[in-house]
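Raw structure.txt, compact mmCIF, C-alpha atoms (C1' of nucleotides):
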```txt
# COMPACT_ATOMS: atom_id res chain seq x y z
CA MET M 1 -18.53 15.62 -18.19
CA ALA M 2 -18.59 14.03 -14.74
CA LYS M 3 -15.71 11.81 -13.78
CA PRO M 4 -16.57 8.12 -13.63
CA LYS M 5 -17.09 6.62 -10.20
CA LEU M 6 -14.57 4.17 -8.90
CA VAL M 7 -13.99 2.52 -5.54
CA VAL M 8 -10.59 1.67 -4.10
CA ILE M 9 -10.07 -0.85 -1.34
CA ALA M 10 -6.45 -0.63 -0.20
CA GLY M 11 -4.71 -1.85 2.91
CA PRO M 12 -1.83 -3.95 4.14
CA THR M 13 -1.45 -7.63 3.25
CA ALA M 14 -3.72 -10.04 5.04
CA SER M 15 -6.08 -7.30 6.16
CA GLY M 16 -9.01 -8.84 4.29
CA LYS M 17 -9.23 -6.55 1.27
CA SER M 18 -10.20 -9.20 -1.23
CA ASP M 19 -13.22 -10.46 0.68
CA LEU M 20 -14.43 -6.99 1.40
CA ALA M 21 -14.06 -6.06 -2.25
CA LEU M 22 -16.03 -9.12 -3.29
CA ASP M 23 -18.84 -8.29 -0.88
CA LEU M 24 -18.90 -4.81 -2.31
CA CYS M 25 -18.97 -5.98 -5.91
CA GLU M 26 -21.95 -8.17 -5.17
CA ALA M 27 -23.74 -5.32 -3.47
CA ILE M 28 -23.21 -2.61 -6.06
CA GLY M 29 -22.58 -4.50 -9.26
CA GLY M 30 -18.85 -4.10 -9.46
CA GLU M 31 -15.87 -5.80 -11.02
CA ILE M 32 -12.49 -6.17 -9.39
CA ILE M 33 -9.29 -4.65 -10.65
CA SER M 34 -6.37 -6.04 -8.72
CA ALA M 35 -3.63 -3.57 -7.81
CA ASP M 36 -0.96 -6.01 -6.83
CA SER M 37 2.51 -6.21 -8.29
CA MET M 38 2.78 -9.96 -7.80
CA GLN M 39 -0.71 -11.24 -8.61
CA ILE M 40 0.11 -9.97 -12.07
CA TYR M 41 2.13 -13.10 -12.72
CA ARG M 42 0.76 -16.39 -13.95
CA GLY M 43 1.58 -19.44 -11.89
CA MET M 44 2.12 -17.47 -8.71
CA ASP M 45 -1.08 -18.27 -6.89
CA ILE M 46 -0.47 -19.54 -3.39
CA GLY M 47 2.28 -17.12 -2.42
CA THR M 48 0.38 -14.10 -3.68
CA ALA M 49 -2.87 -15.19 -2.02
CA LYS M 50 -4.88 -14.86 -5.20
CA THR M 51 -8.55 -15.51 -4.72
CA PRO M 52 -9.02 -18.92 -6.36
CA PRO M 53 -11.32 -18.79 -9.41
CA GLY M 54 -13.80 -20.98 -7.56
CA ASP M 55 -14.16 -18.37 -4.82
CA ARG M 56 -14.70 -15.37 -7.05
CA ARG M 57 -18.49 -15.61 -6.91
CA GLY M 58 -18.79 -15.02 -10.62
CA ILE M 59 -17.29 -11.54 -10.33
CA PRO M 60 -14.78 -10.70 -13.07
CA HIS M 61 -11.23 -10.06 -11.85
CA HIS M 62 -8.87 -7.92 -13.91
CA MET M 63 -5.10 -7.48 -13.78
CA ILE M 64 -4.48 -10.94 -12.44
CA ASP M 65 -2.44 -13.49 -14.41
CA VAL M 66 -1.57 -11.02 -17.12
CA ALA M 67 2.19 -11.46 -17.17
CA ASP M 68 4.79 -14.16 -17.61
CA PRO M 69 6.88 -14.62 -14.46
CA ARG M 70 9.97 -14.97 -16.63
CA CYS M 71 9.60 -11.42 -17.92
CA PRO M 72 9.89 -8.09 -16.20
CA PHE M 73 6.78 -6.06 -15.62
CA SER M 74 6.39 -2.41 -14.74
CA VAL M 75 4.04 0.18 -13.31
CA ALA M 76 3.74 1.79 -16.69
CA MET M 77 2.40 -1.42 -18.20
CA TYR M 78 0.06 -1.74 -15.28
CA GLN M 79 -1.19 1.78 -15.82
CA THR M 80 -2.06 1.18 -19.44
CA SER M 81 -3.81 -2.14 -18.97
CA ALA M 82 -5.61 -1.22 -15.78
CA ARG M 83 -7.03 1.92 -17.35
CA ALA M 84 -8.23 -0.12 -20.27
CA ALA M 85 -9.93 -2.43 -17.82
CA VAL M 86 -11.66 0.51 -16.18
CA CYS M 87 -13.06 1.64 -19.52
CA GLU M 88 -14.25 -1.84 -20.27
CA ILE M 89 -16.04 -2.17 -16.95
CA LEU M 90 -17.65 1.23 -17.28
CA SER M 91 -18.85 0.42 -20.77
CA ARG M 92 -20.70 -2.52 -19.26
CA GLY M 93 -22.37 -0.20 -16.80
CA LYS M 94 -20.52 -1.71 -13.86
CA THR M 95 -18.44 -0.06 -11.17
CA PRO M 96 -14.68 -0.65 -11.06
CA VAL M 97 -13.50 -1.76 -7.62
CA VAL M 98 -9.74 -1.48 -7.32
CA ALA M 99 -8.42 -3.84 -4.67
CA GLY M 100 -4.81 -4.27 -3.71
CA GLY M 101 -1.83 -3.36 -1.66
CA THR M 102 0.62 -1.92 -4.16
CA GLY M 103 0.27 1.78 -3.49
CA LEU M 104 2.22 2.91 -6.52
CA TYR M 105 0.04 0.87 -8.85
CA ILE M 106 -3.10 2.38 -7.38
CA ASP M 107 -1.65 5.85 -7.82
CA ALA M 108 -0.63 5.12 -11.38
CA LEU M 109 -4.18 4.12 -12.18
CA LEU M 110 -5.93 6.96 -10.39
CA TYR M 111 -3.72 9.93 -11.06
CA PRO M 112 -2.20 11.52 -14.13
CA MET M 113 1.24 10.10 -13.53
CA ASP M 114 3.49 10.27 -16.53
CA PHE M 115 6.10 7.57 -16.62
CA GLY M 116 7.66 9.02 -19.73
CA ARG M 117 8.85 7.28 -22.79
CA VAL M 118 12.05 5.86 -21.43
CA THR M 119 11.60 2.17 -20.81
CA GLY M 120 13.64 0.31 -18.27
CA ASP M 121 16.66 -0.59 -20.34
CA PRO M 122 18.57 -3.70 -19.20
CA THR M 123 21.70 -2.69 -21.06
CA ALA M 124 21.93 0.75 -19.56
CA ARG M 125 21.00 -0.67 -16.22
CA ALA M 126 23.76 -3.26 -16.34
CA ARG M 127 26.25 -0.58 -17.37
CA TRP M 128 25.39 1.62 -14.39
CA GLU M 129 25.31 -1.42 -12.16
CA THR M 130 28.93 -2.07 -13.12
CA TYR M 131 29.82 1.57 -12.62
CA LEU M 132 28.29 1.35 -9.16
CA ALA M 133 30.25 -1.77 -8.27
CA GLU M 134 33.50 -0.16 -9.38
CA LYS M 135 33.17 3.40 -8.20
CA GLY M 136 30.55 3.33 -5.49
CA ALA M 137 27.26 5.02 -4.75
CA GLY M 138 28.77 8.44 -4.25
CA ALA M 139 30.29 8.53 -7.73
CA LEU M 140 27.08 7.26 -9.27
CA HIS M 141 25.15 10.01 -7.58
CA GLY M 142 27.77 12.46 -8.81
CA GLU M 143 27.12 11.39 -12.39
CA LEU M 144 23.45 12.13 -11.90
CA ALA M 145 24.19 15.50 -10.37
CA ARG M 146 26.06 16.41 -13.54
CA ILE M 147 23.19 15.72 -15.93
CA ASP M 148 20.09 16.11 -13.78
CA ALA M 149 20.85 18.20 -10.75
CA GLU M 150 17.32 18.37 -9.50
CA SER M 151 16.81 14.63 -9.39
CA ALA M 152 20.17 14.26 -7.72
CA ARG M 153 19.07 16.65 -5.02
CA ARG M 154 15.87 14.72 -4.49
CA LEU M 155 17.43 11.27 -4.39
CA HIS M 156 19.57 9.90 -1.61
CA ALA M 157 22.91 8.69 -2.93
CA ASN M 158 22.38 5.26 -1.38
CA ASP M 159 19.08 4.77 -3.13
CA THR M 160 21.00 3.45 -6.09
CA ARG M 161 18.00 1.88 -7.72
CA ARG M 162 16.31 5.23 -8.14
CA VAL M 163 19.55 6.95 -9.01
CA ILE M 164 20.11 4.47 -11.84
CA ARG M 165 16.60 4.97 -13.14
CA ALA M 166 17.09 8.73 -13.10
CA LEU M 167 20.34 8.29 -15.01
CA GLU M 168 18.64 6.12 -17.62
CA VAL M 169 16.06 8.79 -18.25
CA ALA M 170 18.45 11.70 -18.10
CA GLU M 171 21.00 10.29 -20.50
CA ARG M 172 18.33 9.73 -23.12
CA GLY M 173 17.90 13.48 -23.10
CA ASP M 174 14.26 13.43 -22.22
CA GLY M 175 14.76 16.39 -20.02
CA GLY M 176 15.25 14.16 -17.07
CA LEU M 177 12.86 12.76 -14.54
CA SER M 178 12.51 16.00 -12.69
CA GLU M 179 10.73 17.71 -15.56
CA THR M 180 7.92 15.22 -15.65
CA ARG M 181 7.18 15.37 -11.95
CA ILE M 182 3.96 16.97 -10.85
CA ASP M 183 1.83 16.95 -7.78
CA TYR M 184 -0.25 14.20 -9.21
CA ARG M 185 -2.42 13.57 -6.22
CA ALA M 186 -4.18 16.84 -6.80
CA ALA M 187 -6.06 15.59 -9.82
CA SER M 188 -7.64 12.18 -9.80
CA LEU M 189 -8.97 10.98 -13.13
CA TYR M 190 -11.94 9.45 -11.39
CA ASN M 191 -14.55 10.32 -8.85
CA CYS M 192 -13.16 7.91 -6.37
CA ALA M 193 -13.98 6.59 -2.96
CA TYR M 194 -10.62 5.51 -1.57
CA PHE M 195 -10.71 3.22 1.45
CA VAL M 196 -7.85 1.84 3.49
CA LEU M 197 -8.69 -1.25 5.48
CA ASP M 198 -6.87 -1.15 8.76
CA ARG M 199 -6.66 -3.28 11.86
CA PRO M 200 -4.83 -3.30 15.17
CA ARG M 201 -1.19 -4.11 14.69
CA GLU M 202 -1.06 -7.23 16.84
CA GLU M 203 -4.06 -8.64 15.11
CA LEU M 204 -2.64 -7.96 11.66
CA TYR M 205 0.66 -9.56 12.60
CA ALA M 206 -1.15 -12.63 13.90
CA LEU M 207 -3.10 -12.87 10.64
CA ILE M 208 0.16 -12.69 8.71
CA ARG M 209 1.71 -15.50 10.72
CA GLU M 210 -1.35 -17.61 10.14
CA ARG M 211 -1.53 -16.83 6.45
CA VAL M 212 2.08 -17.84 5.84
CA ARG M 213 1.47 -21.06 7.74
CA ARG M 214 -1.51 -21.74 5.52
CA MET M 215 0.48 -21.01 2.36
CA MET M 216 3.09 -23.56 3.35
CA ALA M 217 0.38 -26.11 4.09
CA SER M 218 -1.18 -25.46 0.69
CA GLY M 219 2.02 -26.23 -1.17
CA LEU M 220 3.90 -22.98 -1.63
CA LEU M 221 7.15 -24.91 -1.80
CA THR M 222 5.86 -26.98 -4.70
CA GLU M 223 4.69 -23.84 -6.44
CA VAL M 224 8.14 -22.28 -6.21
CA GLN M 225 9.78 -25.47 -7.45
CA ALA M 226 7.40 -25.56 -10.40
CA LEU M 227 8.26 -21.97 -11.31
CA LEU M 228 11.97 -22.67 -11.19
CA GLY M 229 11.36 -25.79 -13.24
CA ALA M 230 9.51 -23.75 -15.82
CA GLY M 231 12.58 -21.62 -16.34
CA VAL M 232 11.92 -18.67 -14.08
CA ALA M 233 15.32 -17.35 -13.06
CA PRO M 234 15.87 -17.09 -9.31
CA GLY M 235 16.88 -13.49 -9.88
CA ALA M 236 13.76 -12.64 -11.88
CA GLN M 237 11.62 -9.77 -10.75
CA SER M 238 8.74 -12.10 -9.99
CA MET M 239 10.98 -14.15 -7.72
CA GLN M 240 11.58 -11.12 -5.53
CA GLY M 241 8.10 -11.60 -4.16
CA LEU M 242 7.73 -12.42 -0.50
CA GLY M 243 7.79 -16.13 0.04
CA TYR M 244 9.35 -16.80 -3.33
CA LYS M 245 12.83 -15.49 -2.76
CA GLU M 246 13.04 -17.09 0.68
CA LEU M 247 12.00 -20.50 -0.60
CA CYS M 248 14.44 -20.20 -3.50
CA ALA M 249 17.12 -19.81 -0.85
CA HIS M 250 15.99 -23.07 0.67
CA ILE M 251 15.74 -24.94 -2.61
CA LEU M 252 18.90 -23.59 -4.20
CA HIS M 253 21.17 -22.92 -1.25
CA GLY M 254 19.90 -25.35 1.34
CA GLU M 255 18.76 -22.77 3.87
CA ARG M 256 16.75 -24.38 6.65
CA LEU M 257 13.10 -24.47 5.78
CA ASP M 258 11.76 -23.42 9.16
CA ALA M 259 14.14 -20.48 9.24
CA CYS M 260 12.94 -19.46 5.78
CA VAL M 261 9.33 -19.61 6.85
CA GLU M 262 10.04 -17.41 9.84
CA LEU M 263 11.83 -14.97 7.56
CA ILE M 264 8.82 -14.83 5.29
CA GLN M 265 6.60 -13.97 8.22
CA GLN M 266 8.94 -11.31 9.44
CA ARG M 267 9.45 -9.68 6.05
CA THR M 268 5.75 -9.72 5.45
CA ARG M 269 5.34 -7.76 8.67
CA ASN M 270 7.96 -5.29 7.47
CA TYR M 271 6.10 -5.00 4.21
CA ALA M 272 2.74 -4.40 5.85
CA LYS M 273 4.29 -1.55 7.78
CA ARG M 274 5.67 0.03 4.63
CA GLN M 275 2.28 -0.27 2.98
CA LEU M 276 0.64 1.58 5.84
CA THR M 277 3.24 4.33 5.58
CA TYR M 278 2.44 4.68 1.91
CA PHE M 279 -1.31 4.85 2.37
CA ARG M 280 -1.03 7.33 5.22
CA ARG M 281 -0.03 10.08 2.88
CA GLU M 282 -2.97 9.46 0.59
CA ASN M 283 -5.04 12.47 1.56
CA ALA M 284 -8.16 11.25 -0.13
CA ALA M 285 -8.17 8.01 1.79
CA MET M 286 -10.85 7.08 4.27
CA TRP M 287 -9.66 4.64 6.91
CA LEU M 288 -11.85 1.74 7.87
CA SER M 289 -10.78 0.09 11.07
CA ALA M 290 -11.69 -3.53 11.39
CA GLY M 291 -11.24 -6.19 13.98
CA SER M 292 -10.12 -5.90 17.59
CA SER M 293 -13.56 -7.17 18.50
CA GLY M 294 -12.15 -10.58 19.25
CA ASP M 295 -13.22 -12.42 16.14
CA THR M 296 -10.23 -12.67 13.89
CA GLN M 297 -12.33 -13.73 10.98
CA ALA M 298 -14.62 -11.42 9.18
CA ALA M 299 -13.90 -7.79 8.83
CA SER M 300 -17.01 -7.87 6.77
CA PRO M 301 -20.04 -7.32 9.00
CA PRO M 302 -19.21 -4.04 10.76
CA VAL M 303 -16.71 -2.71 8.23
CA PHE M 304 -18.96 -3.51 5.34
CA GLU M 305 -21.77 -1.48 6.92
CA LYS M 306 -19.47 1.48 7.35
CA LEU M 307 -18.36 1.18 3.77
CA LEU M 308 -21.90 1.18 2.44
CA THR M 309 -22.86 4.14 4.62
CA ILE M 310 -20.04 6.21 3.24
CA LEU M 311 -20.83 5.22 -0.33
CA HIS M 312 -24.43 6.26 0.24
CA ALA M 313 -23.30 9.59 1.58
CA LYS M 314 -21.14 10.11 -1.49
CA SER M 315 -24.14 9.01 -3.53
CA PHE M 316 -22.19 6.22 -5.15
CA ILE M 317 -25.20 4.05 -4.46
CA SER M 318 -28.79 4.91 -3.83
C1' G F 319 32.87 -33.93 40.64
C1' C F 320 37.07 -31.74 37.67
C1' C F 321 38.84 -28.77 33.31
C1' U F 322 37.89 -25.06 29.55
C1' G F 323 34.92 -21.37 27.01
C1' G F 324 30.75 -18.12 27.60
C1' G F 325 27.04 -14.87 30.46
C1' U F 326 26.90 -7.06 27.71
C1' A F 327 20.24 -3.81 24.02
C1' G F 328 14.17 -7.93 22.37
C1' C F 329 18.01 -11.51 19.44
C1' U F 330 23.32 -12.55 17.63
C1' C F 331 27.63 -10.64 19.22
C1' A F 332 31.89 -6.70 19.51
C1' G F 333 34.43 -3.77 23.15
C1' U F 334 36.51 -1.29 27.42
C1' C F 335 45.58 -2.41 28.15
C1' G F 336 40.49 -0.13 34.92
C1' G F 337 37.57 6.18 33.82
C1' U F 338 29.75 3.30 33.68
C1' A F 339 29.61 0.78 26.27
C1' G F 340 28.42 -0.10 20.31
C1' A F 341 27.45 -2.93 15.65
C1' G F 342 24.10 -6.08 12.77
C1' C F 343 19.20 -7.85 12.98
C1' A F 344 14.39 -6.97 15.12
C1' G F 345 11.19 -2.78 16.43
C1' U F 346 9.23 2.35 15.46
C1' A F 347 8.77 6.60 12.17
C1' G F 348 9.57 8.43 7.20
C1' A F 349 10.55 8.58 1.74
C1' C F 350 8.82 6.63 -2.86
C1' U F 351 7.16 8.72 -10.98
C1' G F 352 8.78 2.37 -16.02
C1' A F 353 12.32 -3.26 -10.42
C1' A F 354 7.41 -1.02 -5.63
C1' A F 355 6.11 -7.93 -2.12
C1' A F 356 11.40 -3.67 -4.76
C1' U F 357 14.71 0.24 -3.01
C1' C F 358 16.25 3.82 0.51
C1' U F 359 16.53 7.29 5.16
C1' A F 360 16.32 8.39 10.52
C1' C F 361 16.03 6.72 15.70
C1' G F 362 20.65 2.89 20.36
C1' U F 363 20.56 3.65 28.80
C1' G F 364 21.31 -1.40 28.91
C1' U F 365 21.21 -3.36 37.52
C1' C F 366 27.65 -5.02 31.05
C1' G F 367 24.89 -12.70 35.60
C1' G F 368 25.08 -12.18 41.40
C1' U F 369 28.03 -11.00 45.47
C1' G F 370 32.48 -9.71 48.22
C1' G F 371 37.61 -7.71 47.58
C1' U F 372 41.71 -4.53 45.49
C1' U F 373 41.41 0.66 43.72
C1' C F 374 40.31 7.65 43.86
C1' A F 375 37.43 4.68 40.25
C1' A F 376 35.42 -2.17 38.44
C1' U F 377 31.27 -4.12 33.26
C1' U F 378 36.85 -4.59 32.84
C1' C F 379 41.56 -7.25 37.76
C1' C F 380 41.01 -11.08 42.01
C1' G F 381 37.81 -14.55 45.22
C1' C F 382 33.26 -17.10 45.88
C1' C F 383 28.33 -18.25 44.00
C1' C F 384 24.52 -18.96 40.07
C1' C F 385 23.36 -20.11 34.91
C1' U F 386 25.06 -22.10 30.18
C1' A F 387 28.00 -24.77 26.05
C1' G F 388 31.70 -28.30 25.34
C1' G F 389 35.56 -31.75 27.19
C1' C F 390 37.25 -35.35 31.05
C1' A F 391 35.44 -38.61 34.63
```
Structure translated into structure tokens:
Amino acid sequence: MAKPKLVVIAGPTASGKSDLALDLCEAIGGEIISADSMQIYRGMDIGTAKTPPGDRRGIPHHMIDVADPRCPFSVAMYQTSARAAVCEILSRGKTPVVAGGTGLYIDALLYPMDFGRVTGDPTARARWETYLAEKGAGALHGELARIDAESARRLHANDTRRVIRALEVAERGDGGLSETRIDYRAASLYNCAYFVLDRPREELYALIRERVRRMMASGLLTEVQALLGAGVAPGAQSMQGLGYKELCAHILHGERLDACVELIQQRTRNYAKRQLTYFRRENAAMWLSAGSSGDTQAASPPVFEKLLTILHAKSFIS
RNA sequence: GCCUGGGUAGCUCAGUCGGUAGAGCAGUAGACUGAAAAUCUACGUGUCGGUGGUUCAAUUCCGCCCCUAGGCA
């Protein structure tokens, strides 16, 4: 049985993924599956740059607005729902087009990653958190070394977040994280065409500056206030999103607004860089370079042609 | 005009009781299996404002000059 065809459009924030994906969906009869850890949440529209419903050109979008910003969400949940969405789209005879910048989510969808049965447990987490505060990162890492030596070797002692996760899994006697690890990238579940949309650094950074400016002009501050008003805790996972945590600092702690906006721009640049690092190791990825031609606007004309050519060559389309 | 702080890495600053200097942030590269827009790792030569002097040796002490913040006029 042949693997189902699926297209991935990845890339750093503000690179123009969403528009490109929409163009593609129109051309080949596709539906969009968002791979974005923040667009998941309802009520977080401006700061996550969701394509407004009015601009979706009648193309169905999946994995957007599927979670409550007051509750935690996880890759594992994403994996389950996104795969269901793929099946649904395929059953309609359409092509799934995965678009987004969260590399881990894309991987979770595409590859046979096994997140195990151990759910993130707030109680255990809090317990280790306390342990960390009292005894330090070294001791925490030592605990892990005792029950799951291999994970301990893999993880840097300062990466306490991962160390705590490994401890959670290990102490539930599931064999530990290390036993479920495989070289997942070797075996995609789909016949996929994986694209990374790329542009010259300076141009990308300029687009980011501009996008943040536009978000502020469109009422990002009001959006954050509304979320806080609706009972989203400032420490909630959703509030760790870029733009949200910085504006919380302004609203709750009186940080200067212009300083916060600059911080958002800077951290978004940092983020874009990390995204590129992540995608670089995706062996299957085909890089599409856009821009640098002077027009900051549309990546679409030239890049879109390239995209279609490749899809033809892979006989995704006839 | 006078007085007092400052002028050191792209930015904020530490430091050298005289032996040519180092943190944070930024930046770059990397990692990443239920928090991933998160979390973590590695990478630090710059006329130490200019110019004279003292000294074996000055970014460090002294003189003058320039710039800057504040105070007094």
request  = Select, counting only C-alpha atoms (C1' of nucleotides), all protein, DNA and RNA residues no farther than 12 Å from (26.6, 13.6, -14.7) in file coordinates, and express the selection as a PyMOL selection string.
outcome  = chain M and resi 138-152+163-164+166-168+170-171+176
Selected residues, C-alpha atoms, written as a CSV table (one decimal), keeping the file's coordinate frame, please.
```csv
chain,number,residue,atom,x,y,z
M,138,GLY,CA,28.8,8.4,-4.2
M,139,ALA,CA,30.3,8.5,-7.7
M,140,LEU,CA,27.1,7.3,-9.3
M,141,HIS,CA,25.2,10.0,-7.6
M,142,GLY,CA,27.8,12.5,-8.8
M,143,GLU,CA,27.1,11.4,-12.4
M,144,LEU,CA,23.4,12.1,-11.9
M,145,ALA,CA,24.2,15.5,-10.4
M,146,ARG,CA,26.1,16.4,-13.5
M,147,ILE,CA,23.2,15.7,-15.9
M,148,ASP,CA,20.1,16.1,-13.8
M,149,ALA,CA,20.8,18.2,-10.8
M,150,GLU,CA,17.3,18.4,-9.5
M,151,SER,CA,16.8,14.6,-9.4
M,152,ALA,CA,20.2,14.3,-7.7
M,163,VAL,CA,19.6,7.0,-9.0
M,164,ILE,CA,20.1,4.5,-11.8
M,166,ALA,CA,17.1,8.7,-13.1
M,167,LEU,CA,20.3,8.3,-15.0
M,168,GLU,CA,18.6,6.1,-17.6
M,170,ALA,CA,18.4,11.7,-18.1
M,171,GLU,CA,21.0,10.3,-20.5
M,176,GLY,CA,15.2,14.2,-17.1
```
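Nearest to chain F of all the residues M:Leu204, M:Ala124, M:Ala76, M:Val8 is M:Ala76, based on all atoms listed in the file.
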U322 in chain F environment, 12 Å, only C-alpha atoms (C1' of nucleotides), sequence neighbours closer than 2 positions dropped, as a short mmCIF file (atom, residue, chain, number, x, y, z; two decimals) with C-alpha atoms (C1' of nucleotides), in the coordinates of the input:
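As a result, out.cif now contains:
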```
data_model
loop_
_atom_site.label_atom_id
_atom_site.label_comp_id
_atom_site.auth_asym_id
_atom_site.auth_seq_id
_atom_site.Cartn_x
_atom_site.Cartn_y
_atom_site.Cartn_z
"C1'" C F 320 37.07 -31.74 37.67
"C1'" G F 324 30.75 -18.12 27.60
"C1'" A F 387 28.00 -24.77 26.05
"C1'" G F 388 31.70 -28.30 25.34
"C1'" G F 389 35.56 -31.75 27.19
"C1'" C F 390 37.25 -35.35 31.05
#
```
Can you write out as a Markdown table which residues of chain M fall within 6 Å of chain F, alongside each residue's closest atom pair and its distance in Å to one decimal, counting all atoms listed in the file and ordering rows by chain and ascending residue number?
```
| residue | atom | partner | partner_atom | distance |
| --- | --- | --- | --- | --- |
| M:Ser74 | CA | F:G352 | C1' | 5.5 |
| M:Val75 | CA | F:G352 | C1' | 5.9 |
| M:Ala76 | CA | F:G352 | C1' | 5.1 |
| M:Phe115 | CA | F:U351 | C1' | 5.9 |
| M:Thr119 | CA | F:G352 | C1' | 5.6 |
| M:Gly120 | CA | F:G352 | C1' | 5.7 |
| M:Asp159 | CA | F:C358 | C1' | 4.7 |
| M:Arg161 | CA | F:U357 | C1' | 6.0 |
| M:Gly241 | CA | F:A355 | C1' | 4.6 |
| M:Leu242 | CA | F:A355 | C1' | 5.0 |
```
I need the chosen residues saved as an mmCIF file, keeping the file's coordinate frame, with C-alpha atoms.
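Final output, saved to result-v6.cif:
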```cif
data_model
loop_
_atom_site.group_PDB
_atom_site.id
_atom_site.type_symbol
_atom_site.label_atom_id
_atom_site.label_comp_id
_atom_site.auth_asym_id
_atom_site.auth_seq_id
_atom_site.Cartn_x
_atom_site.Cartn_y
_atom_site.Cartn_z
ATOM 1 C CA SER M 74 6.390 -2.410 -14.740
ATOM 2 C CA VAL M 75 4.040 0.180 -13.310
ATOM 3 C CA ALA M 76 3.740 1.790 -16.690
ATOM 4 C CA PHE M 115 6.100 7.570 -16.620
ATOM 5 C CA THR M 119 11.600 2.170 -20.810
ATOM 6 C CA GLY M 120 13.640 0.310 -18.270
ATOM 7 C CA ASP M 159 19.080 4.770 -3.130
ATOM 8 C CA ARG M 161 18.000 1.880 -7.720
ATOM 9 C CA GLY M 241 8.100 -11.600 -4.160
ATOM 10 C CA LEU M 242 7.730 -12.420 -0.500
#
```
request  = Write out as a PyMOL selection string which residues come within 8 Å of Ile106 in chain M when counting only C-alpha atoms (C1' of nucleotides), dropping same-chain ones fewer than 5 positions away.
outcome  = chain M and resi 35+98+100
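Across the model, the gap from CA of Thr309 in chain M to CA of Ala84 in chain M is 29.2 Å.
Shortest atom-to-atom contact with Glu246 in chain M among M:Thr102, M:Thr80, M:Ser188, M:Thr268: M:Thr268, counting all atoms listed in the file.
Ranking M:Ile59, M:Gly235, M:Tyr78, M:Ala21 by their shortest atom-to-atom distance to Gln39 in chain M, with only C-alpha atoms included, puts M:Tyr78 first.
Between CA of Ala49 in chain M and CA of Leu252 in chain M the separation is 23.4 Å.
Residue neighbourhood of His62 in chain M, excluding near-sequence residues (fewer than 4 positions): Glu31, Ile32, Ile33, Ser34, Ala82 and Ala85 of chain M, at 8 Å, using all atoms listed in the file.
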Write the residues you've just listed into a file as a CSV table (one decimal), keeping the file's coordinate frame, and include C-alpha atoms for each of them.
```csv
chain,number,residue,atom,x,y,z
M,31,GLU,CA,-15.9,-5.8,-11.0
M,32,ILE,CA,-12.5,-6.2,-9.4
M,33,ILE,CA,-9.3,-4.6,-10.6
M,34,SER,CA,-6.4,-6.0,-8.7
M,82,ALA,CA,-5.6,-1.2,-15.8
M,85,ALA,CA,-9.9,-2.4,-17.8
```
message = Report as JSON, numbers by chain all protein, DNA and RNA residues lying within 8 Å of C366 in chain F, evaluated on all atoms listed in the file, omitting residues in the same chain fewer than 4 positions from it.
response = {"F": [326, 339, 377]}
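Going from CA of Ala290 in chain M to CA of Lys273 in chain M covers 16.5 Å.
Among the candidates M:Ala230, M:Gly29, M:Leu308, M:His156, the residue lying nearest to Arg92 in chain M is M:Gly29 (atoms considered: all atoms listed in the file).
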inquiry  = Here is a test: counting only C-alpha atoms, which residue of M:Ala99, M:Asp107, M:Thr222, M:Phe304 is nearest to Pro12 in chain M?
reply    = M:Ala99
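With distances restricted to all atoms listed in the file, M:Arg70 is the closest residue to Ala236 in chain M from M:Arg172, M:Arg165, M:Arg125, M:Arg70.
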